[in-house]
Amino acid sequence: MVELRREQIKELAALLSAEHGLTDSDDVLRIGGGESGPAIVLTISFLQDSTVVISAQTSYGYFELHNVHQMISVEPDEVIFASEGEDRISGLVVSRNGACSLFANVDRAYLSADLGTLDPALLLSAMQLGLTEVVPL
């Protein structure tokens with residue numbers, strides 16, 4: 001897990017095989033999709049107050065995660081952007097193939113719980129965001 005900084009965006013674009021562009025204040029990555037256009041348009045906004053906002057526009061909806069502090073690279077082709085509170089975590093998972101998932105306000109206790117004891121409704125978020133606990137810096 002590493003702190004998300006603007007200097008990492010080109011490296012992130014390479015990992016996701018994304019086309020990287022810039023607007024006035026944002027980095028924009030166009031990910032996956034092929035000839036019909038990108039499957040995800042990922043916008044990374046570094047605001048003046050040091051807040052980082054990640055937004056993902058897909059053909060299925062618009063997802064936004066505020067106060068992003070960490071980026072976790074999950075080889076070979078996924079990235080988890082994480083926003084953490086004292087006992088809660090949220091994550092936006094983006095894949096090179098254009099998949100995008102948002103897990104919000106997840107109790108941190110689920111991340112280290114025995115998966116066999118969790119309610120099935122909690123398994124996917126626990127497994128995905130649990131990677132934030134085990135992926136080394």
# chains A, B, ... in the order shown; residues from 1 in each chain; ligands from 1
$ select_by_dssp --residues "region 23-114 of chain A" --states "strand (DSSP E or B)" --output "ChimeraX atom specification"
/A:26-31,40-46,52-58,61-65,70-74,78-84,88-95,100-107
$ select_by_dssp --residues "chain A" --states "alpha helix (DSSP H)" --output "PyMOL selection string"
chain A and resi 9-15+120-134
$ residues_around --residues "region 28-43 of chain A" --least-positions-apart "5" --cutoff "12 Å" --atoms "only C-alpha atoms" --output "NGL selection string"
:A and (6 or 9-23 or 52-66 or 77-79 or 81 or 92-101)
$ write_last_selection --atoms "C-alpha atoms" --output "compact mmCIF listing (two decimals), in the first residue's frame"
# COMPACT_ATOMS: atom_id res chain seq x y z
CA ARG A 6 0.51 12.81 -8.53
CA ILE A 9 -0.07 8.57 -12.27
CA LYS A 10 2.08 7.59 -15.27
CA GLU A 11 3.03 4.36 -13.50
CA LEU A 12 -0.65 3.75 -12.72
CA ALA A 13 -1.58 4.37 -16.37
CA ALA A 14 0.99 1.81 -17.48
CA LEU A 15 -0.28 -0.80 -15.00
CA LEU A 16 -3.85 -0.36 -16.26
CA SER A 17 -2.81 0.00 -19.94
CA ALA A 18 -4.64 3.31 -19.89
CA GLU A 19 -4.45 6.37 -22.07
CA HIS A 20 -3.35 9.25 -19.82
CA GLY A 21 -4.57 12.80 -20.33
CA LEU A 22 -4.70 16.03 -18.35
CA THR A 23 -7.36 18.66 -17.83
CA VAL A 52 -7.76 13.36 -3.48
CA VAL A 53 -11.02 12.44 -5.21
CA ILE A 54 -11.23 9.47 -7.59
CA SER A 55 -14.20 9.26 -9.94
CA ALA A 56 -14.96 6.42 -12.31
CA GLN A 57 -17.45 6.89 -15.12
CA THR A 58 -18.61 3.65 -16.71
CA SER A 59 -21.48 2.72 -18.99
CA TYR A 60 -23.22 1.43 -15.85
CA GLY A 61 -22.85 4.45 -13.61
CA TYR A 62 -20.68 7.02 -11.93
CA PHE A 63 -18.67 6.16 -8.81
CA GLU A 64 -16.80 8.60 -6.63
CA LEU A 65 -14.47 8.08 -3.68
CA HIS A 66 -13.30 11.02 -1.55
CA ASP A 77 -3.98 -5.82 -13.48
CA GLU A 78 -5.97 -4.27 -10.62
CA VAL A 79 -5.64 -1.25 -8.40
CA PHE A 81 -7.90 3.07 -4.14
CA LEU A 92 -12.69 1.62 -5.42
CA VAL A 93 -11.30 -1.36 -7.35
CA VAL A 94 -10.35 -0.72 -10.98
CA SER A 95 -9.12 -3.33 -13.45
CA ARG A 96 -7.28 -3.12 -16.75
CA ASN A 97 -10.18 -4.91 -18.48
CA GLY A 98 -12.62 -2.17 -17.48
CA ALA A 99 -14.15 -3.73 -14.38
CA CYS A 100 -14.96 -1.35 -11.55
CA SER A 101 -16.30 -2.05 -8.04
$ atom_distance --atom1 "CA of Leu124 (chain A)" --atom2 "CA of Ala109 (chain A)"
14.1 Å
$ atom_distance --atom1 "CA of Val134 (chain A)" --atom2 "CA of Leu122 (chain A)"
18.2 Å
$ residues_around --residues "Leu115 (chain A)" --least-positions-apart "3" --cutoff "12 Å" --atoms "only C-alpha atoms" --output "list of chain:residue names"
A:Ala109, A:Tyr110, A:Leu111, A:Ser112, A:Leu118, A:Asp119, A:Pro120, A:Ala121, A:Leu122, A:Leu123, A:Leu124, A:Ser125, A:Ala126, A:Met127, A:Gln128, A:Gly130
$ write_last_selection --atoms "N, CA and C atoms" --output "compact mmCIF listing (two decimals), in the first residue's frame"
# COMPACT_ATOMS: atom_id res chain seq x y z
N ALA A 109 -13.13 -4.65 10.91
CA ALA A 109 -13.07 -5.96 11.56
C ALA A 109 -13.34 -7.09 10.56
N TYR A 110 -14.11 -6.83 9.53
CA TYR A 110 -14.40 -7.86 8.53
C TYR A 110 -13.17 -8.24 7.72
N LEU A 111 -12.22 -7.35 7.61
CA LEU A 111 -11.05 -7.58 6.76
C LEU A 111 -10.15 -8.68 7.32
N SER A 112 -10.14 -8.82 8.63
CA SER A 112 -9.28 -9.83 9.23
C SER A 112 -10.08 -10.98 9.84
N LEU A 118 -18.16 -15.29 8.15
CA LEU A 118 -18.85 -14.08 7.68
C LEU A 118 -20.12 -14.42 6.93
N ASP A 119 -21.07 -13.53 7.05
CA ASP A 119 -22.29 -13.63 6.26
C ASP A 119 -21.90 -13.52 4.78
N PRO A 120 -22.51 -14.30 3.91
CA PRO A 120 -22.16 -14.24 2.48
C PRO A 120 -22.24 -12.83 1.87
N ALA A 121 -23.09 -11.98 2.39
CA ALA A 121 -23.21 -10.61 1.87
C ALA A 121 -21.96 -9.79 2.13
N LEU A 122 -21.12 -10.23 3.05
CA LEU A 122 -19.92 -9.48 3.42
C LEU A 122 -18.65 -10.02 2.78
N LEU A 123 -18.73 -11.19 2.16
CA LEU A 123 -17.52 -11.87 1.68
C LEU A 123 -16.74 -11.08 0.63
N LEU A 124 -17.40 -10.58 -0.39
CA LEU A 124 -16.67 -9.92 -1.47
C LEU A 124 -15.94 -8.68 -0.98
N SER A 125 -16.61 -7.86 -0.19
CA SER A 125 -15.93 -6.66 0.32
C SER A 125 -14.79 -7.05 1.26
N ALA A 126 -14.98 -8.08 2.09
CA ALA A 126 -13.92 -8.50 3.00
C ALA A 126 -12.71 -9.03 2.23
N MET A 127 -12.96 -9.80 1.17
CA MET A 127 -11.84 -10.35 0.40
C MET A 127 -11.12 -9.25 -0.38
N GLN A 128 -11.86 -8.38 -1.05
CA GLN A 128 -11.22 -7.33 -1.86
C GLN A 128 -10.48 -6.34 -0.98
N GLY A 130 -9.65 -6.70 2.09
CA GLY A 130 -8.68 -7.39 2.92
C GLY A 130 -7.28 -7.33 2.33
$ atom_distance --atom1 "CA of Gly85 (chain A)" --atom2 "CA of Glu3 (chain A)"
15.0 Å
$ residues_around --residues "Asp87 (chain A)" --least-positions-apart "3" --cutoff "9 Å" --atoms "only C-alpha atoms" --output "ChimeraX atom specification"
/A:84,106-109
$ write_last_selection --atoms "C-alpha atoms" --output "tab-separated table (two decimals), in the first residue's frame"
chain	number	residue	atom	x	y	z
A	84	GLU	CA	-9.92	5.01	5.59
A	106	VAL	CA	-16.91	-1.42	5.43
A	107	ASP	CA	-16.17	-2.30	9.06
A	108	ARG	CA	-12.43	-2.96	9.32
A	109	ALA	CA	-13.07	-5.96	11.56
$ residues_around --residues "His69 (chain A)" --least-positions-apart "6" --cutoff "7 Å" --atoms "only C-alpha atoms" --output "list of chain:residue names"
A:Glu3, A:Leu4, A:Ala82, A:Ser83
$ decode --residues "region 61-110 of chain A" --atoms "N, CA and C atoms" --output "PDB file, in the first residue's frame"
ATOM      1  N   GLY A  61     -22.647   3.454 -14.653  1.00  0.00           N
ATOM      2  CA  GLY A  61     -22.849   4.447 -13.609  1.00  0.00           C
ATOM      3  C   GLY A  61     -21.611   5.268 -13.338  1.00  0.00           C
ATOM      4  N   TYR A  62     -21.731   6.103 -12.337  1.00  0.00           N
ATOM      5  CA  TYR A  62     -20.684   7.021 -11.935  1.00  0.00           C
ATOM      6  C   TYR A  62     -20.365   6.739 -10.474  1.00  0.00           C
ATOM      7  N   PHE A  63     -19.094   6.492 -10.163  1.00  0.00           N
ATOM      8  CA  PHE A  63     -18.672   6.155  -8.811  1.00  0.00           C
ATOM      9  C   PHE A  63     -17.629   7.176  -8.367  1.00  0.00           C
ATOM     10  N   GLU A  64     -17.721   7.594  -7.113  1.00  0.00           N
ATOM     11  CA  GLU A  64     -16.797   8.605  -6.626  1.00  0.00           C
ATOM     12  C   GLU A  64     -16.340   8.236  -5.220  1.00  0.00           C
ATOM     13  N   LEU A  65     -15.036   8.356  -4.993  1.00  0.00           N
ATOM     14  CA  LEU A  65     -14.466   8.076  -3.677  1.00  0.00           C
ATOM     15  C   LEU A  65     -13.648   9.289  -3.251  1.00  0.00           C
ATOM     16  N   HIS A  66     -13.968   9.823  -2.070  1.00  0.00           N
ATOM     17  CA  HIS A  66     -13.301  11.018  -1.551  1.00  0.00           C
ATOM     18  C   HIS A  66     -12.259  10.645  -0.510  1.00  0.00           C
ATOM     19  N   ASN A  67     -11.339  11.571  -0.274  1.00  0.00           N
ATOM     20  CA  ASN A  67     -10.300  11.412   0.749  1.00  0.00           C
ATOM     21  C   ASN A  67      -9.472  10.154   0.535  1.00  0.00           C
ATOM     22  N   VAL A  68      -9.104   9.908  -0.697  1.00  0.00           N
ATOM     23  CA  VAL A  68      -8.277   8.746  -1.017  1.00  0.00           C
ATOM     24  C   VAL A  68      -6.855   9.024  -0.556  1.00  0.00           C
ATOM     25  N   HIS A  69      -6.305   8.070   0.194  1.00  0.00           N
ATOM     26  CA  HIS A  69      -4.949   8.229   0.706  1.00  0.00           C
ATOM     27  C   HIS A  69      -4.006   7.164   0.191  1.00  0.00           C
ATOM     28  N   GLN A  70      -4.550   5.982  -0.131  1.00  0.00           N
ATOM     29  CA  GLN A  70      -3.675   4.901  -0.541  1.00  0.00           C
ATOM     30  C   GLN A  70      -4.096   4.304  -1.869  1.00  0.00           C
ATOM     31  N   MET A  71      -3.084   3.747  -2.520  1.00  0.00           N
ATOM     32  CA  MET A  71      -3.290   3.011  -3.756  1.00  0.00           C
ATOM     33  C   MET A  71      -2.575   1.675  -3.584  1.00  0.00           C
ATOM     34  N   ILE A  72      -3.303   0.590  -3.819  1.00  0.00           N
ATOM     35  CA  ILE A  72      -2.741  -0.744  -3.665  1.00  0.00           C
ATOM     36  C   ILE A  72      -2.750  -1.408  -5.027  1.00  0.00           C
ATOM     37  N   SER A  73      -1.595  -1.777  -5.507  1.00  0.00           N
ATOM     38  CA  SER A  73      -1.483  -2.471  -6.785  1.00  0.00           C
ATOM     39  C   SER A  73      -1.663  -3.959  -6.528  1.00  0.00           C
ATOM     40  N   VAL A  74      -2.622  -4.557  -7.235  1.00  0.00           N
ATOM     41  CA  VAL A  74      -2.884  -5.988  -7.103  1.00  0.00           C
ATOM     42  C   VAL A  74      -2.553  -6.615  -8.450  1.00  0.00           C
ATOM     43  N   GLU A  75      -1.393  -7.240  -8.516  1.00  0.00           N
ATOM     44  CA  GLU A  75      -0.918  -7.827  -9.774  1.00  0.00           C
ATOM     45  C   GLU A  75      -1.858  -8.916 -10.255  1.00  0.00           C
ATOM     46  N   PRO A  76      -2.070  -9.078 -11.523  1.00  0.00           N
ATOM     47  CA  PRO A  76      -1.323  -8.377 -12.554  1.00  0.00           C
ATOM     48  C   PRO A  76      -2.007  -7.122 -13.073  1.00  0.00           C
ATOM     49  N   ASP A  77      -3.300  -6.883 -12.736  1.00  0.00           N
ATOM     50  CA  ASP A  77      -3.980  -5.819 -13.482  1.00  0.00           C
ATOM     51  C   ASP A  77      -5.062  -5.070 -12.724  1.00  0.00           C
ATOM     52  N   GLU A  78      -4.973  -5.010 -11.398  1.00  0.00           N
ATOM     53  CA  GLU A  78      -5.965  -4.270 -10.619  1.00  0.00           C
ATOM     54  C   GLU A  78      -5.296  -3.273  -9.696  1.00  0.00           C
ATOM     55  N   VAL A  79      -6.068  -2.243  -9.374  1.00  0.00           N
ATOM     56  CA  VAL A  79      -5.639  -1.250  -8.399  1.00  0.00           C
ATOM     57  C   VAL A  79      -6.809  -1.002  -7.460  1.00  0.00           C
ATOM     58  N   ILE A  80      -6.495  -0.915  -6.161  1.00  0.00           N
ATOM     59  CA  ILE A  80      -7.495  -0.549  -5.177  1.00  0.00           C
ATOM     60  C   ILE A  80      -7.127   0.826  -4.636  1.00  0.00           C
ATOM     61  N   PHE A  81      -8.062   1.760  -4.745  1.00  0.00           N
ATOM     62  CA  PHE A  81      -7.901   3.074  -4.137  1.00  0.00           C
ATOM     63  C   PHE A  81      -8.648   3.012  -2.813  1.00  0.00           C
ATOM     64  N   ALA A  82      -8.000   3.398  -1.709  1.00  0.00           N
ATOM     65  CA  ALA A  82      -8.606   3.247  -0.390  1.00  0.00           C
ATOM     66  C   ALA A  82      -8.734   4.579   0.328  1.00  0.00           C
ATOM     67  N   SER A  83      -9.843   4.689   1.024  1.00  0.00           N
ATOM     68  CA  SER A  83     -10.128   5.818   1.895  1.00  0.00           C
ATOM     69  C   SER A  83     -10.476   5.228   3.249  1.00  0.00           C
ATOM     70  N   GLU A  84      -9.766   5.650   4.289  1.00  0.00           N
ATOM     71  CA  GLU A  84      -9.921   5.010   5.587  1.00  0.00           C
ATOM     72  C   GLU A  84     -10.335   5.996   6.662  1.00  0.00           C
ATOM     73  N   GLY A  85     -11.187   5.500   7.554  1.00  0.00           N
ATOM     74  CA  GLY A  85     -11.524   6.202   8.776  1.00  0.00           C
ATOM     75  C   GLY A  85     -11.004   5.381   9.934  1.00  0.00           C
ATOM     76  N   GLU A  86     -11.385   5.742  11.137  1.00  0.00           N
ATOM     77  CA  GLU A  86     -10.874   5.043  12.315  1.00  0.00           C
ATOM     78  C   GLU A  86     -11.212   3.557  12.303  1.00  0.00           C
ATOM     79  N   ASP A  87     -12.461   3.219  12.043  1.00  0.00           N
ATOM     80  CA  ASP A  87     -12.856   1.808  12.065  1.00  0.00           C
ATOM     81  C   ASP A  87     -13.587   1.381  10.797  1.00  0.00           C
ATOM     82  N   ARG A  88     -13.534   2.205   9.758  1.00  0.00           N
ATOM     83  CA  ARG A  88     -14.206   1.917   8.488  1.00  0.00           C
ATOM     84  C   ARG A  88     -13.238   2.149   7.334  1.00  0.00           C
ATOM     85  N   ILE A  89     -13.476   1.438   6.249  1.00  0.00           N
ATOM     86  CA  ILE A  89     -12.664   1.605   5.044  1.00  0.00           C
ATOM     87  C   ILE A  89     -13.585   1.541   3.828  1.00  0.00           C
ATOM     88  N   SER A  90     -13.242   2.315   2.822  1.00  0.00           N
ATOM     89  CA  SER A  90     -13.943   2.274   1.544  1.00  0.00           C
ATOM     90  C   SER A  90     -12.906   2.071   0.459  1.00  0.00           C
ATOM     91  N   GLY A  91     -13.286   1.405  -0.613  1.00  0.00           N
ATOM     92  CA  GLY A  91     -12.334   1.162  -1.689  1.00  0.00           C
ATOM     93  C   GLY A  91     -12.990   1.144  -3.051  1.00  0.00           C
ATOM     94  N   LEU A  92     -12.279   1.662  -4.019  1.00  0.00           N
ATOM     95  CA  LEU A  92     -12.688   1.617  -5.420  1.00  0.00           C
ATOM     96  C   LEU A  92     -11.674   0.713  -6.120  1.00  0.00           C
ATOM     97  N   VAL A  93     -12.159  -0.389  -6.686  1.00  0.00           N
ATOM     98  CA  VAL A  93     -11.304  -1.363  -7.354  1.00  0.00           C
ATOM     99  C   VAL A  93     -11.462  -1.171  -8.853  1.00  0.00           C
ATOM    100  N   VAL A  94     -10.344  -0.956  -9.547  1.00  0.00           N
ATOM    101  CA  VAL A  94     -10.351  -0.717 -10.984  1.00  0.00           C
ATOM    102  C   VAL A  94      -9.422  -1.726 -11.646  1.00  0.00           C
ATOM    103  N   SER A  95      -9.887  -2.304 -12.750  1.00  0.00           N
ATOM    104  CA  SER A  95      -9.121  -3.328 -13.448  1.00  0.00           C
ATOM    105  C   SER A  95      -8.803  -2.887 -14.872  1.00  0.00           C
ATOM    106  N   ARG A  96      -7.712  -3.406 -15.379  1.00  0.00           N
ATOM    107  CA  ARG A  96      -7.279  -3.120 -16.747  1.00  0.00           C
ATOM    108  C   ARG A  96      -8.351  -3.467 -17.781  1.00  0.00           C
ATOM    109  N   ASN A  97      -9.160  -4.492 -17.508  1.00  0.00           N
ATOM    110  CA  ASN A  97     -10.182  -4.913 -18.476  1.00  0.00           C
ATOM    111  C   ASN A  97     -11.443  -4.066 -18.420  1.00  0.00           C
ATOM    112  N   GLY A  98     -11.478  -3.063 -17.545  1.00  0.00           N
ATOM    113  CA  GLY A  98     -12.624  -2.167 -17.479  1.00  0.00           C
ATOM    114  C   GLY A  98     -13.595  -2.472 -16.364  1.00  0.00           C
ATOM    115  N   ALA A  99     -13.279  -3.438 -15.518  1.00  0.00           N
ATOM    116  CA  ALA A  99     -14.146  -3.732 -14.376  1.00  0.00           C
ATOM    117  C   ALA A  99     -13.941  -2.661 -13.299  1.00  0.00           C
ATOM    118  N   CYS A 100     -15.011  -2.373 -12.583  1.00  0.00           N
ATOM    119  CA  CYS A 100     -14.960  -1.345 -11.550  1.00  0.00           C
ATOM    120  C   CYS A 100     -15.931  -1.727 -10.439  1.00  0.00           C
ATOM    121  N   SER A 101     -15.453  -1.729  -9.190  1.00  0.00           N
ATOM    122  CA  SER A 101     -16.299  -2.055  -8.040  1.00  0.00           C
ATOM    123  C   SER A 101     -16.041  -1.045  -6.934  1.00  0.00           C
ATOM    124  N   LEU A 102     -17.108  -0.670  -6.236  1.00  0.00           N
ATOM    125  CA  LEU A 102     -17.007   0.252  -5.109  1.00  0.00           C
ATOM    126  C   LEU A 102     -17.511  -0.456  -3.859  1.00  0.00           C
ATOM    127  N   PHE A 103     -16.694  -0.429  -2.815  1.00  0.00           N
ATOM    128  CA  PHE A 103     -17.069  -0.979  -1.513  1.00  0.00           C
ATOM    129  C   PHE A 103     -16.977   0.172  -0.525  1.00  0.00           C
ATOM    130  N   ALA A 104     -18.088   0.537   0.109  1.00  0.00           N
ATOM    131  CA  ALA A 104     -18.107   1.736   0.942  1.00  0.00           C
ATOM    132  C   ALA A 104     -18.455   1.436   2.385  1.00  0.00           C
ATOM    133  N   ASN A 105     -17.737   2.124   3.260  1.00  0.00           N
ATOM    134  CA  ASN A 105     -18.052   2.141   4.675  1.00  0.00           C
ATOM    135  C   ASN A 105     -18.031   0.747   5.302  1.00  0.00           C
ATOM    136  N   VAL A 106     -17.024  -0.041   4.967  1.00  0.00           N
ATOM    137  CA  VAL A 106     -16.909  -1.421   5.434  1.00  0.00           C
ATOM    138  C   VAL A 106     -16.201  -1.439   6.796  1.00  0.00           C
ATOM    139  N   ASP A 107     -16.764  -2.161   7.727  1.00  0.00           N
ATOM    140  CA  ASP A 107     -16.166  -2.302   9.056  1.00  0.00           C
ATOM    141  C   ASP A 107     -14.814  -3.004   8.914  1.00  0.00           C
ATOM    142  N   ARG A 108     -13.772  -2.401   9.449  1.00  0.00           N
ATOM    143  CA  ARG A 108     -12.425  -2.957   9.324  1.00  0.00           C
ATOM    144  C   ARG A 108     -12.301  -4.347   9.947  1.00  0.00           C
ATOM    145  N   ALA A 109     -13.131  -4.652  10.910  1.00  0.00           N
ATOM    146  CA  ALA A 109     -13.068  -5.963  11.561  1.00  0.00           C
ATOM    147  C   ALA A 109     -13.335  -7.086  10.561  1.00  0.00           C
ATOM    148  N   TYR A 110     -14.110  -6.826   9.532  1.00  0.00           N
ATOM    149  CA  TYR A 110     -14.404  -7.855   8.532  1.00  0.00           C
ATOM    150  C   TYR A 110     -13.172  -8.241   7.724  1.00  0.00           C
TER     151      TYR A 110
END
